[in-house]
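**Q** The structure follows.
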Amino acid sequence: IRDNHLKAIEELSDLKSLEDLRVKLLGKKGPITQALRGMKDLSAEERPAFGQFANQVRDQLQSKLENRRDQLKQAALNRQLVQEKIDVTLPGTPVAQGQPHVIQQIIDQLEDLFIGLGYQILTGPEVEEDRYNFEMMNLPKDHPARDMQDTFYITNEILMRTQTSPMQARAMETHDFSQGPLKMISPGVVYRRDTDDPTHSHQFHQVEGLVIDKHITMADLKGTLQLVAHELFGDRFDVRLRPSYFPFTEPSVEADITCFNCGGKGCAVCKYTGWIEVLGAGMVHPNVLKMAGVDPEVYGGFAFGMGPDRFAMLKYGVDDIRNFYLNDERFLTQFSKKG
Ligand code: PHE
């Protein structure tokens, strides 16, 4: 039994048959167990020698089995290591990476600029109360200037915000002026009941800006807008302010920037003025301050509302705003920073 099986174990080539053989040899019905059981029929003189021998055979077989099992396991591991060897010099498979949307890239750039100037970034609800979107912005019910912004109403009092300006009121209400001036920008999506066309989208982006402190002047506003123009477009871009009207600022201005197309010389794009209108701004109206709990005798400041969609159109020569909202990968990947 011993010699035959020692040889058989040596020839086993897989772990499964090894286990089968182990059970067969050393199990309850195996020859060793049987032999040890048969000992009761032997004479007292024969028993010790036989028992010793049988135990010895069992131990030999057992350790042989264990050895062989270790060898087989090692061999399997070696095979696996060879099969799974990787060639680290092979060129990698490129992974398609996402990227921020082009509008978000502009917003990120603006946020970086304004954080550097000590502003906070605030965000607020797109589903807004009439009170914040209009009333606290000095646009009472029935004010004719409400017509400037066609509105999606949800109920009489709840609407999709038409501008990020309600964030002015929300920021002033919560700001603790004993801790210093209020300086914030608030990027976000706004909604208007417009029919989509190349220059209108019923949803678009705004970045509101607000600074409230003592002794803020229009020169601060103009200097800030100039910085934005230089940061986003380059140093050769200039800003000019034109009188305008918004109910929540007085005086109100529209800011123009040097025409992208002709560099200020005058062309059809800028209607031969050399300037392109980019945003609305002004000095915060005393009524707006008052309604938000800020004393207009002590504090004042400026506000602006920028349109990142418009910035992106100008910067990249996009002629249809709807492209930004169609999620066409061919369009969007053109603005990948890696090119
Ligand atoms: N909220 C104005 C708009 O949507 C823009 C604006 C913001 C104007 C702040 C002045 C001050 O047209």
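Quick note on naming: the chains in the structure tokens go A, B, ... in the order shown, residues restart at 1 in each chain, and ligands are numbered from 1 in order of appearance.
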Throw together the list of residues within 8 Å of ligand 1, counting only C-alpha atoms and all ligand atoms, and drop it here as a list in words.
**A**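 Checking only C-alpha atoms and all ligand atoms against ligand 1 at 8 Å gives Gln149, Thr162, Gln163, Thr164, Ser165, Gln206, Glu208, Gly209, Leu210, Phe246, Phe248, Thr249, Ser252, Val253, Glu254, Leu279, Gly280, Ala281, Gly282, Met283, Val284, Phe302, Ala303, Phe304, Gly305 and Met306 of chain A.
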**Q** Report as JSON, numbers by chain all protein, DNA and RNA residues lying within 7 Å of Gly188 of chain A, evaluated on only C-alpha atoms, omitting residues in the same chain fewer than 2 positions from it.
**A** {"A": [123, 164, 186, 190, 205, 206, 207]}
**Q** Would you kindly return, as a list in words, each protein, DNA or RNA residue with an atom no farther than 12 Å from any atom of Arg146 of chain A, considering only C-alpha atoms and excluding same-chain residues fewer than 5 positions away?
**A**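 Here the qualifying residues turn out to be Asp130, Asn133, Phe134, Glu135, Met137, Asn138, Leu139, Pro140, Lys141, Thr151, Thr162, Gln163, Arg192, Phe246, Pro247 and Phe248 of chain A.
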**Q** With N, CA, C and O atoms kept, could you save the residues just selected as a PDB file, in the first residue's frame?
**A**
```
ATOM      1  N   ASP A 130     -41.795  85.437  -5.186  1.00  0.00           N
ATOM      2  CA  ASP A 130     -42.056  86.718  -5.850  1.00  0.00           C
ATOM      3  C   ASP A 130     -41.442  87.861  -5.045  1.00  0.00           C
ATOM      4  O   ASP A 130     -40.838  88.784  -5.592  1.00  0.00           O
ATOM      5  N   ASN A 133     -37.642  87.898  -5.708  1.00  0.00           N
ATOM      6  CA  ASN A 133     -37.291  88.110  -7.111  1.00  0.00           C
ATOM      7  C   ASN A 133     -37.696  89.510  -7.590  1.00  0.00           C
ATOM      8  O   ASN A 133     -36.988  90.126  -8.378  1.00  0.00           O
ATOM      9  N   PHE A 134     -38.839  90.011  -7.086  1.00  0.00           N
ATOM     10  CA  PHE A 134     -39.345  91.297  -7.553  1.00  0.00           C
ATOM     11  C   PHE A 134     -39.513  92.327  -6.443  1.00  0.00           C
ATOM     12  O   PHE A 134     -38.910  93.398  -6.488  1.00  0.00           O
ATOM     13  N   GLU A 135     -40.353  92.010  -5.443  1.00  0.00           N
ATOM     14  CA  GLU A 135     -40.734  93.062  -4.498  1.00  0.00           C
ATOM     15  C   GLU A 135     -39.542  93.677  -3.782  1.00  0.00           C
ATOM     16  O   GLU A 135     -39.397  94.898  -3.728  1.00  0.00           O
ATOM     17  N   MET A 137     -36.664  93.761  -4.763  1.00  0.00           N
ATOM     18  CA  MET A 137     -35.796  94.412  -5.738  1.00  0.00           C
ATOM     19  C   MET A 137     -36.462  95.682  -6.264  1.00  0.00           C
ATOM     20  O   MET A 137     -36.151  96.169  -7.352  1.00  0.00           O
ATOM     21  N   ASN A 138     -37.382  96.218  -5.459  1.00  0.00           N
ATOM     22  CA  ASN A 138     -38.033  97.487  -5.800  1.00  0.00           C
ATOM     23  C   ASN A 138     -38.963  97.364  -7.002  1.00  0.00           C
ATOM     24  O   ASN A 138     -39.152  98.323  -7.750  1.00  0.00           O
ATOM     25  N   LEU A 139     -39.505  96.162  -7.190  1.00  0.00           N
ATOM     26  CA  LEU A 139     -40.475  95.940  -8.263  1.00  0.00           C
ATOM     27  C   LEU A 139     -41.771  95.450  -7.648  1.00  0.00           C
ATOM     28  O   LEU A 139     -42.067  94.254  -7.667  1.00  0.00           O
ATOM     29  N   PRO A 140     -42.591  96.381  -7.111  1.00  0.00           N
ATOM     30  CA  PRO A 140     -43.848  95.953  -6.505  1.00  0.00           C
ATOM     31  C   PRO A 140     -44.773  95.327  -7.554  1.00  0.00           C
ATOM     32  O   PRO A 140     -44.554  95.489  -8.759  1.00  0.00           O
ATOM     33  N   LYS A 141     -45.801  94.599  -7.069  1.00  0.00           N
ATOM     34  CA  LYS A 141     -46.802  94.046  -7.992  1.00  0.00           C
ATOM     35  C   LYS A 141     -47.304  95.173  -8.889  1.00  0.00           C
ATOM     36  O   LYS A 141     -47.453  96.304  -8.449  1.00  0.00           O
ATOM     37  N   THR A 151     -42.072  85.956 -16.972  1.00  0.00           N
ATOM     38  CA  THR A 151     -41.823  85.079 -15.842  1.00  0.00           C
ATOM     39  C   THR A 151     -42.594  83.776 -15.912  1.00  0.00           C
ATOM     40  O   THR A 151     -43.769  83.760 -16.293  1.00  0.00           O
ATOM     41  N   THR A 162     -36.147  84.979 -12.348  1.00  0.00           N
ATOM     42  CA  THR A 162     -35.842  85.546 -13.667  1.00  0.00           C
ATOM     43  C   THR A 162     -34.476  86.193 -13.684  1.00  0.00           C
ATOM     44  O   THR A 162     -34.005  86.660 -14.719  1.00  0.00           O
ATOM     45  N   GLN A 163     -33.855  86.270 -12.511  1.00  0.00           N
ATOM     46  CA  GLN A 163     -32.558  86.929 -12.385  1.00  0.00           C
ATOM     47  C   GLN A 163     -31.916  86.422 -11.089  1.00  0.00           C
ATOM     48  O   GLN A 163     -32.604  85.872 -10.224  1.00  0.00           O
ATOM     49  N   ARG A 192     -36.610  82.554 -18.106  1.00  0.00           N
ATOM     50  CA  ARG A 192     -37.553  83.553 -18.630  1.00  0.00           C
ATOM     51  C   ARG A 192     -38.456  82.910 -19.674  1.00  0.00           C
ATOM     52  O   ARG A 192     -38.012  82.037 -20.427  1.00  0.00           O
ATOM     53  N   PHE A 246     -32.593 100.147 -14.346  1.00  0.00           N
ATOM     54  CA  PHE A 246     -33.073  98.971 -13.618  1.00  0.00           C
ATOM     55  C   PHE A 246     -33.765  99.490 -12.365  1.00  0.00           C
ATOM     56  O   PHE A 246     -33.310 100.483 -11.783  1.00  0.00           O
ATOM     57  N   PRO A 247     -34.831  98.850 -11.949  1.00  0.00           N
ATOM     58  CA  PRO A 247     -35.574  99.371 -10.792  1.00  0.00           C
ATOM     59  C   PRO A 247     -34.773  99.288  -9.492  1.00  0.00           C
ATOM     60  O   PRO A 247     -35.055 100.020  -8.550  1.00  0.00           O
ATOM     61  N   PHE A 248     -33.790  98.395  -9.450  1.00  0.00           N
ATOM     62  CA  PHE A 248     -33.082  98.157  -8.189  1.00  0.00           C
ATOM     63  C   PHE A 248     -31.748  98.866  -8.085  1.00  0.00           C
ATOM     64  O   PHE A 248     -31.024  98.711  -7.105  1.00  0.00           O
TER      65      PHE A 248
END
```
**Q** Do a neighbour search on Asp196 of chain A at 12 Å with only C-alpha atoms, toss out local chain neighbours closer than 2 positions, and write the hits as a list in words.
**A**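 After dropping sequence-adjacent residues, the list is Tyr191, Arg192, Arg193, Asp194, Pro198, Thr199, His200, Ser201, His202, Gln203, Phe204, Asp320, Ile321, Arg322, Asn323, Tyr325 and Leu326 of chain A.
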**Q** Please provide the set of residues having any atom within 10 Å of Leu232 of chain A, restricted to only C-alpha atoms, with same-chain residues fewer than 3 positions apart removed, written as a VMD selection string.
**A** chain A and resid 106 109 to 110 113 227 to 229 235 237 311 to 312 315
**Q** I'd like the neighbourhood of Lys290 of chain A as a tab-separated table (two decimals) with C-alpha atoms, in the first residue's frame, where a residue qualifies if any of its atoms comes within 12 Å (using only C-alpha atoms), though same-chain residues fewer than 3 positions away should be ignored.
**A**
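As a result, result_14.tsv now contains:
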```
chain	number	residue	atom	x	y	z
A	136	MET	CA	-37.52	93.37	-2.53
A	137	MET	CA	-35.80	94.41	-5.74
A	138	ASN	CA	-38.03	97.49	-5.80
A	169	ALA	CA	-31.65	90.81	-0.79
A	172	MET	CA	-27.97	91.68	2.82
A	173	GLU	CA	-30.57	90.14	5.13
A	248	PHE	CA	-33.08	98.16	-8.19
A	284	VAL	CA	-27.87	99.78	-5.17
A	285	HIS	CA	-31.19	101.63	-4.82
A	286	PRO	CA	-31.90	103.00	-1.29
A	287	ASN	CA	-35.27	101.21	-1.31
A	293	GLY	CA	-32.70	95.96	6.60
A	294	VAL	CA	-29.64	98.02	5.67
A	295	ASP	CA	-29.53	101.75	6.54
A	296	PRO	CA	-29.08	103.73	3.29
A	297	GLU	CA	-27.84	106.72	5.30
A	298	VAL	CA	-24.80	104.71	6.37
A	299	TYR	CA	-24.27	102.06	3.73
A	300	GLY	CA	-24.30	101.91	-0.01
```
**Q** I want to know what sits within 10 Å of Phe260 of chain A, based on only C-alpha atoms, with residues of the same chain fewer than 2 positions away left out; could you give that as a VMD selection string?
**A** chain A and resid 233 237 257 to 258 262 to 265 267 269 to 270 274 to 276 314 to 317
**Q** Running DSSP on the backbone, which parts of segment 57-303 of chain A land in helix (DSSP H, G or I), as a ChimeraX atom specification?
**A** /A:57-83,102-116,130-133,135-137,144-148,166-174,177-179,218-233,286-291
**Q** So how many Å separate atom CA of Lys183 of chain A and atom CA of Asp213 of chain A, to one decimal?
**A**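 Separating atom CA of Lys183 of chain A from atom CA of Asp213 of chain A is a distance of 8.6 Å.
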**Q** Assign secondary structure with DSSP using the backbone only, and return the residues of segment 8-190 of chain A in strand (DSSP E or B) as an MDAnalysis selection string.
**A** chainID A and resid 120:121 127:129 153 158:160 182:190
**Q** Just write the chosen residues, N, CA and C atoms, as an mmCIF file, in the first residue's frame.
**A**
```cif
data_model
loop_
_atom_site.group_PDB
_atom_site.id
_atom_site.type_symbol
_atom_site.label_atom_id
_atom_site.label_comp_id
_atom_site.auth_asym_id
_atom_site.auth_seq_id
_atom_site.Cartn_x
_atom_site.Cartn_y
_atom_site.Cartn_z
ATOM 1 N N GLN A 120 -17.254 86.518 -1.199
ATOM 2 C CA GLN A 120 -17.765 85.180 -0.948
ATOM 3 C C GLN A 120 -18.614 84.743 -2.145
ATOM 4 N N ILE A 121 -18.738 83.421 -2.295
ATOM 5 C CA ILE A 121 -19.587 82.859 -3.348
ATOM 6 C C ILE A 121 -20.862 82.380 -2.667
ATOM 7 N N VAL A 127 -36.131 78.123 -7.638
ATOM 8 C CA VAL A 127 -37.562 78.316 -7.402
ATOM 9 C C VAL A 127 -37.643 79.336 -6.275
ATOM 10 N N GLU A 128 -38.091 80.540 -6.613
ATOM 11 C CA GLU A 128 -37.918 81.685 -5.714
ATOM 12 C C GLU A 128 -39.277 82.296 -5.379
ATOM 13 N N GLU A 129 -39.267 83.081 -4.324
ATOM 14 C CA GLU A 129 -40.500 83.793 -3.984
ATOM 15 C C GLU A 129 -40.597 85.088 -4.789
ATOM 16 N N TYR A 153 -44.438 81.572 -13.683
ATOM 17 C CA TYR A 153 -44.998 81.492 -12.332
ATOM 18 C C TYR A 153 -45.374 80.057 -11.999
ATOM 19 N N ILE A 158 -44.953 82.098 -5.996
ATOM 20 C CA ILE A 158 -43.731 81.323 -6.251
ATOM 21 C C ILE A 158 -43.459 81.282 -7.747
ATOM 22 N N LEU A 159 -42.192 81.482 -8.115
ATOM 23 C CA LEU A 159 -41.848 81.541 -9.531
ATOM 24 C C LEU A 159 -40.457 80.968 -9.764
ATOM 25 N N MET A 160 -40.109 80.769 -11.039
ATOM 26 C CA MET A 160 -38.731 80.440 -11.391
ATOM 27 C C MET A 160 -38.005 81.785 -11.455
ATOM 28 N N LEU A 182 -19.966 93.715 2.956
ATOM 29 C CA LEU A 182 -20.511 92.558 2.240
ATOM 30 C C LEU A 182 -19.964 92.584 0.817
ATOM 31 N N LYS A 183 -19.296 91.531 0.451
ATOM 32 C CA LYS A 183 -18.792 91.397 -0.927
ATOM 33 C C LYS A 183 -19.113 89.981 -1.378
ATOM 34 N N MET A 184 -19.979 89.861 -2.362
ATOM 35 C CA MET A 184 -20.338 88.507 -2.789
ATOM 36 C C MET A 184 -20.599 88.451 -4.285
ATOM 37 N N ILE A 185 -20.392 87.276 -4.864
ATOM 38 C CA ILE A 185 -20.970 86.998 -6.182
ATOM 39 C C ILE A 185 -21.837 85.752 -6.040
ATOM 40 N N SER A 186 -22.844 85.687 -6.897
ATOM 41 C CA SER A 186 -23.769 84.566 -6.818
ATOM 42 C C SER A 186 -24.083 84.050 -8.224
ATOM 43 N N PRO A 187 -23.425 82.972 -8.618
ATOM 44 C CA PRO A 187 -23.680 82.393 -9.942
ATOM 45 C C PRO A 187 -24.894 81.469 -9.908
ATOM 46 N N GLY A 188 -25.579 81.349 -11.016
ATOM 47 C CA GLY A 188 -26.697 80.403 -11.038
ATOM 48 C C GLY A 188 -27.515 80.484 -12.311
ATOM 49 N N VAL A 189 -28.513 79.608 -12.377
ATOM 50 C CA VAL A 189 -29.380 79.533 -13.554
ATOM 51 C C VAL A 189 -30.624 80.380 -13.308
ATOM 52 N N VAL A 190 -31.086 81.068 -14.347
ATOM 53 C CA VAL A 190 -32.316 81.858 -14.276
ATOM 54 C C VAL A 190 -33.217 81.479 -15.448
#
```
**Q** Between atom CA of His143 of chain A and atom CA of Ala171 of chain A, what distance in Å does the model show, to one decimal?
**A** 23.7 Å
